[in-house]
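Have a look at the structure below before the remarks.
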Amino acid sequence: MSSPTAPTERPRITACIIAFNEAARIGDCLASLAFCDEIVVVDSYSSDATVAIAEAAGARVLQRAFDGFRSQKAYCVEQASHDWVLCLDADERVSAGLREAIEQARDSGFSGVAGYRFARLSEYFGRFLRHGNAYPDRVLRLFDRRHGGWRGKREIHEAASVDGAVRTLRGDLIHYPYRSFEQQLAKTQRYARMMAEHEFARGKRATLGKLVLAPAWRFWRGWLLRGGFRDGWHGLVYAYVRANYVRQKTIMLWLLQNGQDVADPPGDQP
């Protein structure tokens with residue numbers, strides 16, 4: 001008489017977070033990850049209480065100098081004790097609905113897939129944006145690192161990818177991207193510069209047509225064609241700022257290809 005087959009062990013999940021001076025937000029992020037088997041935080045030498053808060057929440061905290069968003073996240077994934085990883089930024093939280101969907105997928109052994117994507121729902125100055133370019137903004141954040149990860153050379157607007165099937169889970173990843181409008185503008189300008197430098201290094205060039213038309217297309221596509229107007233004035237402001245990001249990026253690319261600097265040399269800042 002043959003012995004019964006032993007049940008397959010439930011896969012374990014490591015939550016991976018990168019952070020820098022996120023004391024005000026990382027606590028809620030870590031609390032939403034309580035269902036994970038391990039939490040790893042890679043900190044870029046924060047000067048606030050980020051590390052203390054993360055350690056108090058039970059996370060394993062590592063320090064690493066920041067050299068790019070993709071590189072930082074790839075390093076964090078490499079430090080995980082388990083092959084299935086769930087990657088978040090410190091300004092993100094797993095909603096109750098998404099947690100339930102992840103747990104159900106884990107209970108089934110993550111059978112037949114290499115990763116999962118889900119919608120990201122962003123809060124924008126008092127309102128969650130549910131239309132336009134802001135939503136559903138599906139992101140691949142739960143995956144088997146043996147089949148992929150944070151690959152490629154682009155350090156900005158980085159995205160994970162896997163070799164294998166990818167399924168979409170119900171539920172939202174809640175996102176609190178901006179502390180203030182001033183912070184959004186500074187962040188957007190920084191990202192525009194990084195993206196322009198990346199595109200220039202890859203040989204991409206701006207044209208006069210793109211300088212004029214690309215920002216307008218971004219605005220009308222998001223606000224009108226994709227229904228961003230349904231989010232009221234929040235959607236209007238968001239669409240304007242995102243269009244301005246495209247404008248800044250294209251102008252900076254134009255300047256770079258014409259031999260001009262787009263940032264102050266190190267040491268020249270006041």
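Ordering of the structure tokens sets the chain letters (A, B, ...), residue numbers begin anew at 1 in every chain, and ligands are numbered from 1 in the order given.
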
List the neighbours of range 20-37 of chain A out to 10 Å using only C-alpha atoms; skip same-chain residues closer than 3 positions along the sequence, and give me the result as a count of residues only. 48

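Using only C-alpha atoms, the protein and nucleic acid residues lying no more than 8 Å from range 140-150 of chain A, apart from those fewer than 5 places from it along its own chain, are Arg70, Ser71, Lys73, Ala74, Val77, Asp83, Trp84, Val85, Leu86, Cys87, Leu88, Ala114, Gly115, Tyr116, Arg117, Phe118, Glu158, Ala159, Ala160, Ser161, Val162, Asp163 and Gly164 of chain A.
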
How close does range 142-217 of chain A get to range 222-235 of chain A? List, as JSON lines, each residue of range 142-217 of chain A within 12 Å, its nearest atom pair and the distance in Å to one decimal, counting only C-alpha atoms.
```
{"residue": "A:Phe181", "atom": "CA", "partner": "A:His234", "partner_atom": "CA", "distance": 11.8}
{"residue": "A:Pro215", "atom": "CA", "partner": "A:Gly222", "partner_atom": "CA", "distance": 10.9}
{"residue": "A:Ala216", "atom": "CA", "partner": "A:Gly222", "partner_atom": "CA", "distance": 10.1}
{"residue": "A:Trp217", "atom": "CA", "partner": "A:Gly222", "partner_atom": "CA", "distance": 8.4}
```

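Looking only at range 117-193 of chain A, the set that DSSP places in helix (DSSP H, G or I) from backbone geometry is A:Gly132, A:Asn133, A:Ala134, A:Arg145, A:Arg146, A:His147, A:Phe181, A:Glu182, A:Gln183, A:Gln184, A:Leu185, A:Ala186, A:Lys187, A:Thr188, A:Gln189, A:Arg190, A:Tyr191, A:Ala192, A:Arg193.
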
Please provide the set of residues having any atom within 10 Å of His198 in chain A, restricted to only C-alpha atoms, with same-chain residues fewer than 6 positions apart removed, written as a list of chain:residue names.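 Near His198 in chain A, the qualifying residues are A:Lys153, A:Arg154, A:Glu155, A:Ile156, A:Ala192, A:Lys204, A:Leu253.
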
Those selected residues, please, written with N, CA and C atoms and delivered as a tab-separated table (two decimals), in the first residue's frame.
```tsv
chain	number	residue	atom	x	y	z
A	153	LYS	N	18.26	48.37	-18.38
A	153	LYS	CA	19.22	49.41	-18.01
A	153	LYS	C	18.55	50.71	-17.59
A	154	ARG	N	17.24	50.83	-17.76
A	154	ARG	CA	16.56	52.08	-17.42
A	154	ARG	C	16.36	52.19	-15.93
A	155	GLU	N	16.92	53.24	-15.33
A	155	GLU	CA	16.83	53.42	-13.89
A	155	GLU	C	15.60	54.21	-13.47
A	156	ILE	N	14.95	54.87	-14.42
A	156	ILE	CA	13.78	55.68	-14.13
A	156	ILE	C	12.57	55.07	-14.82
A	192	ALA	N	11.83	63.89	-15.21
A	192	ALA	CA	11.94	64.31	-16.60
A	192	ALA	C	13.40	64.38	-17.02
A	204	LYS	N	17.92	58.35	-28.76
A	204	LYS	CA	16.64	58.94	-29.11
A	204	LYS	C	16.78	60.45	-29.20
A	253	LEU	N	15.59	66.80	-23.60
A	253	LEU	CA	16.19	65.98	-24.63
A	253	LEU	C	16.68	66.85	-25.79
```

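As for CA of Tyr240 in chain A and CA of Trp220 in chain A, they are spaced 9.5 Å apart.
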
Please report, as a ChimeraX atom specification, each residue of range 84-181 of chain A to which DSSP assigns strand (DSSP E or B) when run on this structure's backbone. /A:84-89,92-94,115-123,128-129,139-144,148-149,161-162,166-175

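Comparing the minimum interatomic distances between Ala243 in chain A and each of A:Gln104, A:Thr188, A:Gln183, A:Gln260, counting only C-alpha atoms, we find that A:Thr188 sits nearest.
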
Taking into account only C-alpha atoms, which residue in the set A:Val241, A:Val212, A:Ala101, A:Ala196 is nearest to Gln257 in chain A? A:Ala196
